[in-house]
Structure formats: structure tokens, C-alpha cells
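One file, query_0.cif, is given below (mmCIF, C-alpha atoms).
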```
data_final
#
loop_
_atom_site.label_atom_id
_atom_site.label_comp_id
_atom_site.auth_asym_id
_atom_site.auth_seq_id
_atom_site.Cartn_x
_atom_site.Cartn_y
_atom_site.Cartn_z
CA MET Z 488 7.05 21.03 -12.06
CA ALA Z 489 5.60 18.92 -9.28
CA LYS Z 490 7.24 15.53 -8.79
CA PHE Z 491 4.17 13.46 -9.64
CA THR Z 492 2.38 15.55 -12.26
CA ASP Z 493 -0.29 13.41 -13.97
CA LYS Z 494 0.97 10.22 -12.27
CA VAL Z 495 -1.78 7.81 -11.23
CA VAL Z 496 -1.51 6.57 -7.65
CA VAL Z 497 -3.72 3.87 -6.12
CA ILE Z 498 -3.85 3.34 -2.35
CA SER Z 499 -5.60 0.43 -0.66
CA GLY Z 500 -6.60 0.90 2.96
CA GLY Z 501 -9.65 3.17 3.08
CA ASN Z 502 -9.62 6.38 5.11
CA GLN Z 503 -6.86 5.45 7.56
CA PRO Z 504 -4.73 8.43 8.68
CA ASN Z 505 -1.68 7.15 6.77
CA SER Z 506 -3.71 6.66 3.59
CA LEU Z 507 -5.21 10.15 3.80
CA ALA Z 508 -1.82 11.74 4.48
CA MET Z 509 -0.32 9.93 1.50
CA ALA Z 510 -3.20 11.04 -0.70
CA LYS Z 511 -2.71 14.67 0.30
CA LYS Z 512 1.03 14.43 -0.31
CA PHE Z 513 0.71 12.96 -3.79
CA VAL Z 514 -2.13 15.29 -4.78
CA SER Z 515 -0.04 18.29 -3.67
CA GLU Z 516 2.67 17.06 -6.05
CA GLY Z 517 0.32 16.84 -9.03
CA ALA Z 518 -0.78 13.18 -8.90
CA LYS Z 519 -4.20 11.72 -9.56
CA VAL Z 520 -5.03 9.55 -6.54
CA ALA Z 521 -7.61 6.83 -5.99
CA ILE Z 522 -8.23 5.17 -2.61
CA LEU Z 523 -9.92 1.79 -2.42
CA THR Z 524 -12.55 1.80 0.31
CA LYS Z 525 -15.54 -0.33 1.34
CA THR Z 526 -17.79 2.68 1.95
CA GLU Z 527 -18.01 6.25 0.69
CA GLU Z 528 -15.71 8.41 2.78
CA ALA Z 529 -15.93 12.21 2.88
CA GLU Z 530 -12.37 12.33 4.24
CA ILE Z 531 -11.04 10.78 1.05
CA THR Z 532 -12.65 13.42 -1.12
CA ALA Z 533 -11.42 16.14 1.24
CA ALA Z 534 -7.88 14.81 0.77
CA GLY Z 535 -8.21 15.38 -2.96
CA ALA Z 536 -8.51 11.70 -3.87
CA VAL Z 537 -11.23 9.66 -5.54
CA ALA Z 538 -12.96 7.05 -3.39
CA VAL Z 539 -13.39 3.78 -5.29
CA LEU Z 540 -15.73 1.31 -3.64
CA CYS Z 541 -14.02 -2.06 -3.30
CA ASP Z 542 -13.86 -5.06 -0.98
CA ILE Z 543 -10.14 -5.69 -1.32
CA ALA Z 544 -10.49 -9.21 0.10
CA LYS Z 545 -12.36 -10.26 -3.06
CA PHE Z 546 -10.46 -10.67 -6.32
CA ASP Z 547 -13.43 -9.85 -8.57
CA CYS Z 548 -14.06 -6.61 -6.68
CA VAL Z 549 -10.41 -5.62 -6.93
CA THR Z 550 -10.34 -6.36 -10.67
CA ALA Z 551 -13.46 -4.26 -11.26
CA ALA Z 552 -12.07 -1.37 -9.19
CA PHE Z 553 -8.78 -1.31 -11.07
CA ASP Z 554 -10.55 -1.55 -14.43
CA LYS Z 555 -12.56 1.52 -13.43
CA ILE Z 556 -9.46 3.45 -12.32
CA LYS Z 557 -7.54 2.61 -15.49
CA ALA Z 558 -10.48 3.62 -17.68
CA GLU Z 559 -10.99 6.95 -15.93
CA MET Z 560 -7.45 7.92 -14.90
CA GLY Z 561 -5.06 5.95 -17.11
CA PRO Z 562 -2.26 3.44 -16.42
CA ILE Z 563 -1.26 3.10 -12.78
CA ASP Z 564 2.19 4.44 -11.93
CA VAL Z 565 2.29 3.88 -8.16
CA LEU Z 566 0.55 1.16 -6.16
CA ILE Z 567 0.51 1.50 -2.37
CA CYS Z 568 -0.88 -1.46 -0.44
CA ASN Z 569 -1.86 -0.26 3.03
CA PRO Z 570 -4.42 -2.77 4.37
CA ASN Z 571 -4.63 -2.77 8.14
CA ALA Z 572 -7.22 -5.23 9.42
CA SER Z 573 -6.67 -6.28 13.01
CA CYS Z 574 -8.01 -8.87 15.46
CA PRO Z 575 -6.82 -8.04 19.00
CA LYS Z 576 -6.96 -11.58 20.31
CA THR Z 577 -4.45 -14.25 21.22
CA LEU Z 578 -3.88 -17.18 18.90
CA LEU Z 579 -6.12 -19.39 21.04
CA GLU Z 580 -8.90 -16.81 21.19
CA THR Z 581 -8.94 -16.10 17.45
CA THR Z 582 -11.57 -18.03 15.51
CA PRO Z 583 -10.85 -19.50 12.05
CA GLU Z 584 -13.35 -17.01 10.59
CA GLU Z 585 -11.54 -14.05 12.16
CA TRP Z 586 -8.17 -15.43 11.09
CA ASN Z 587 -9.29 -15.81 7.48
CA GLU Z 588 -10.89 -12.37 7.43
CA VAL Z 589 -7.67 -10.64 8.53
CA LEU Z 590 -5.57 -12.67 6.07
CA GLY Z 591 -8.03 -11.89 3.28
CA ILE Z 592 -7.70 -8.16 3.82
CA ASN Z 593 -4.02 -7.88 4.77
CA VAL Z 594 -2.42 -10.60 2.63
CA HIS Z 595 -4.67 -11.74 -0.17
CA SER Z 596 -5.49 -8.15 -1.15
CA ILE Z 597 -1.80 -7.43 -1.79
CA PHE Z 598 -1.67 -10.32 -4.24
CA TYR Z 599 -4.92 -9.20 -5.86
CA CYS Z 600 -3.76 -5.59 -6.25
CA CYS Z 601 -0.30 -6.49 -7.55
CA LYS Z 602 -1.92 -8.75 -10.16
CA GLN Z 603 -3.69 -5.67 -11.54
CA VAL Z 604 -0.57 -3.59 -12.18
CA PHE Z 605 2.51 -5.74 -12.68
CA ALA Z 606 1.88 -6.75 -16.31
CA ASP Z 607 1.33 -3.16 -17.44
CA MET Z 608 4.24 -1.82 -15.37
CA LYS Z 609 6.58 -4.44 -16.81
CA GLU Z 610 5.46 -3.62 -20.33
CA ARG Z 611 6.08 0.10 -19.78
CA LYS Z 612 9.28 -0.70 -17.83
CA THR Z 613 8.37 1.68 -15.05
CA GLY Z 614 6.32 1.74 -11.87
CA GLU Z 615 6.57 1.70 -8.09
CA VAL Z 616 4.93 -0.73 -5.70
CA ILE Z 617 5.03 0.04 -1.97
CA LEU Z 618 3.76 -2.32 0.71
CA PHE Z 619 3.20 -1.77 4.43
CA SER Z 620 4.45 -3.93 7.27
CA ASP Z 621 4.66 -3.29 11.02
CA ASP Z 622 6.95 -3.99 13.98
CA ALA Z 623 4.35 -6.60 14.94
CA ALA Z 624 5.76 -8.72 12.10
CA PHE Z 625 8.44 -9.88 14.52
CA GLY Z 626 5.87 -11.06 17.06
CA VAL Z 627 3.32 -9.50 19.36
CA ALA Z 628 1.13 -10.91 22.12
CA GLY Z 629 -2.61 -10.54 21.68
CA ASN Z 630 -2.88 -9.85 17.94
CA ALA Z 631 -1.65 -13.04 16.30
CA ALA Z 632 -3.51 -12.71 12.98
CA PHE Z 633 -2.30 -9.15 12.47
CA ALA Z 634 1.29 -10.13 13.25
CA ILE Z 635 1.40 -12.97 10.74
CA THR Z 636 -0.05 -10.79 7.99
CA LYS Z 637 2.55 -8.08 8.53
CA ALA Z 638 5.29 -10.71 8.45
CA SER Z 639 3.82 -11.90 5.16
CA ALA Z 640 4.28 -8.43 3.66
CA LEU Z 641 8.03 -8.77 4.20
CA GLY Z 642 8.08 -12.00 2.24
CA ILE Z 643 5.86 -10.62 -0.50
CA VAL Z 644 8.09 -7.59 -1.08
CA GLY Z 645 11.11 -9.87 -1.37
CA SER Z 646 9.48 -12.03 -4.01
CA CYS Z 647 7.96 -9.12 -5.93
CA SER Z 648 11.21 -7.20 -6.02
CA ARG Z 649 13.12 -10.14 -7.45
CA GLU Z 650 10.50 -10.75 -10.10
CA SER Z 651 10.15 -7.11 -11.14
CA GLU Z 652 13.65 -5.61 -10.99
CA LYS Z 653 14.74 -6.54 -14.50
CA TYR Z 654 11.71 -4.69 -15.85
CA GLY Z 655 12.50 -1.39 -14.13
CA VAL Z 656 9.70 -1.76 -11.58
CA THR Z 657 10.63 -1.03 -7.97
CA CYS Z 658 9.05 -2.75 -4.98
CA ASN Z 659 9.69 -1.70 -1.38
CA CYS Z 660 8.08 -1.94 2.04
CA VAL Z 661 7.66 0.64 4.79
CA THR Z 662 7.33 -0.07 8.51
CA PRO Z 663 6.03 2.90 10.50
CA THR Z 664 7.15 3.12 14.13
CA VAL Z 665 4.96 4.31 17.00
CA GLY Z 666 6.53 7.79 16.97
CA ALA Z 667 6.06 8.39 13.23
CA THR Z 668 3.24 10.71 12.20
CA PRO Z 669 1.09 10.12 9.11
CA GLU Z 670 2.97 12.99 7.49
CA ASP Z 671 6.29 11.25 8.22
CA VAL Z 672 4.93 8.13 6.55
CA ALA Z 673 3.65 10.10 3.55
CA ASP Z 674 7.01 11.81 3.06
CA THR Z 675 8.83 8.47 3.14
CA VAL Z 676 6.44 6.82 0.69
CA ALA Z 677 6.67 9.78 -1.66
CA LEU Z 678 10.45 9.51 -1.62
CA LEU Z 679 10.31 5.81 -2.48
CA ALA Z 680 7.89 6.53 -5.33
CA SER Z 681 9.98 9.37 -6.77
CA GLU Z 682 12.85 9.35 -9.26
CA GLU Z 683 15.22 10.02 -6.35
CA GLY Z 684 14.01 6.87 -4.64
CA ARG Z 685 14.34 4.54 -7.62
CA PRO Z 686 17.77 3.17 -6.56
CA LEU Z 687 15.98 1.71 -3.52
CA HIS Z 688 14.55 -1.67 -4.39
CA GLY Z 689 13.54 -4.70 -2.36
CA GLN Z 690 14.06 -2.71 0.83
CA THR Z 691 12.13 -2.53 4.08
CA VAL Z 692 12.32 1.04 5.34
CA LYS Z 693 11.51 1.82 8.96
CA VAL Z 694 9.80 5.22 9.33
CA ILE Z 695 10.71 7.14 12.46
CA LYS Z 696 9.64 10.56 13.68
CA ASN Z 697 10.98 13.44 11.61
CA TRP Z 698 12.96 15.21 14.31
CA THR Z 699 13.72 18.18 12.07
CA LYS Z 700 10.07 19.23 12.46
CA VAL Z 701 10.01 19.01 16.27
#
```
Kindly present the structure from the file in C-alpha cells form.
Amino acid sequence: MAKFTDKVVVISGGNQPNSLAMAKKFVSEGAKVAILTKTEEAEITAAGAVAVLCDIAKFDCVTAAFDKIKAEMGPIDVLICNPNASCPKTLLETTPEEWNEVLGINVHSIFYCCKQVFADMKERKTGEVILFSDDAAFGVAGNAAFAITKASALGIVGSCSRESEKYGVTCNCVTPTVGATPEDVADTVALLASEEGRPLHGQTVKVIKNWTKV
């Protein structure tokens, strides 16, 4: 039997390469996958996932999207938060509007999405939550808003893991490196979401290139 037969997986982040690769990986292992996206994306359907229209920076939109997914697919087993808004400007160049937009997508959306699944996961005493960070979390010149949001993901995973562990819900974070392919990322996330990965909790996992496939 496939590892994720009939499991419901939700991915935020639209049709990014990592999101599409993760969708294909989970679908190939029997999961039902929904990707939150602001516009209809043919690539999402081609990956075997369902595109759910949602502005993840708005709590009401996120709530409506998750209500739709739960009604049509069932309880959510795996939540993957992969927002990736960027503003390639220095701190001085970034406007307050741009700053708030990036934080809304990359930080607030994680809170909004987690709010939709934690209560049910705790009640069922099972579930996996996987967040995304980046090496930029430790500082980068010319993309200040992006850097601070990816640093925030590290703090969020620490808090979520401590609040969820006694309920059997795992929460981890992945940090892809420049050399990692979307497939490398998908394989790592699938491991964290599997039964084999359940001993890992509250961890930040750096994804490097899979040299066995070179």
C-alpha cells in the first residue's frame, strides 16, 4: 500500500516548483492533495492536485478555503506551509506597504493555516505540519522583508512543536539549499510527513542535493 493512501494534504504556495513537486510526490503515494492558489493554475491540475482559490494573506479567505477542502476531501492529515513572497529591496528601499504585503503572505498565512488544522489534529491525536524557511533567515542583503519572514518561520515551528507534541502532532521546518532540486525537497517533506518521520519533531531540516541521483 502507498504510504499516504487517502491522506489529505494541503499545500500553501501556489504553483511554485517545490509545491508542484510535493503534490506529485504525495499523489503518487495515494494522497488527496489541495494547493492554495490566488489564480487557477493548469500546472496544479497536471500535478494531480486540486487548485483551491485563496488569498492566504486574508484570514477569512483561508477559513473558507479550508472549510471547502474539509467538506470535499475530509479531515486534513498534512499541512505544508510554503509561502514565498519576496521583495528584492534593501531595508531602506522597502516601503511599509511592501513590507506588510510580504509579512502577510509569508508569516500571517502560516498562523491562519495552522489555526484551521490544529484543533482537529489534536482531537484525533495525529497530524503533520511542515513549514518552510530559507538560508536567508540568517540575513541577506537586498531582500530584508523576505529574510525576516523566513526567520519568523523558525520561531513559529518552535512554538507550534511545543504546543502540539503532547497531542501526537508533529511540527517541523525544512530549509532548501541552492543545490537542492524540487524533487529533493519533495522527498524530504514526504519523509517528515510519513510514519518513519514521526520521531522528528520541532526540527529544522536543511535539504541538500541528493547526490545518489547524480
Under the PyMOL selection byres ((chain Z and resi 511-525) around 7), which residues of this model are included? Write them out as a list in words.
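Going through the file, the PyMOL selection byres ((chain Z and resi 511-525) around 7) ends up selecting Ala489, Lys490, Phe491, Thr492, Asp493, Lys494, Val495, Val496, Val497, Ile498, Ser499, Gly500, Gly501, Leu507, Ala508, Met509, Ala510, Thr526, Ala534, Gly535, Ala536, Val537, Ala538, Val539, Leu540, Cys541, Asp542 and Ala673 of chain Z.
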For the structure shown, which residues end up in the PyMOL selection byres ((chain Z and resi 550) around 12)? Put them as a ChimeraX atom specification, please?
/Z:523,539-549,551-557,596,598-604
For Ala623 in chain Z, which residue among Z:Ala606, Z:Pro575, Z:Glu670, Z:Trp586 is the nearest when counting all atoms listed in the file?
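Closest residue, counting all atoms listed in the file: Z:Pro575.
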So which one's closest to Glu615 in chain Z, Z:Glu652, Z:Glu528, Z:Glu559, Z:Glu588? Using only C-alpha atoms, please.
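Selected residue with least distance to Glu615 in chain Z: Z:Glu652.
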Starting from the shown file, work through the PyMOL selection byres ((chain Z and resi 685) around 12) and note down what comes out as a ChimeraX atom specification.
/Z:613-617,652,655-659,676-684,686-690
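Here CA of Asp671 in chain Z is placed at a distance of 29.0 Å from CA of Lys576 in chain Z.
Nearest residue to Thr664 in chain Z among Z:Lys700, Z:Lys612, Z:Arg649, Z:Lys693 is Z:Lys693, counting all atoms listed in the file.
Between CA of Ser573 in chain Z and CA of Glu585 in chain Z there is a distance of 9.2 Å.
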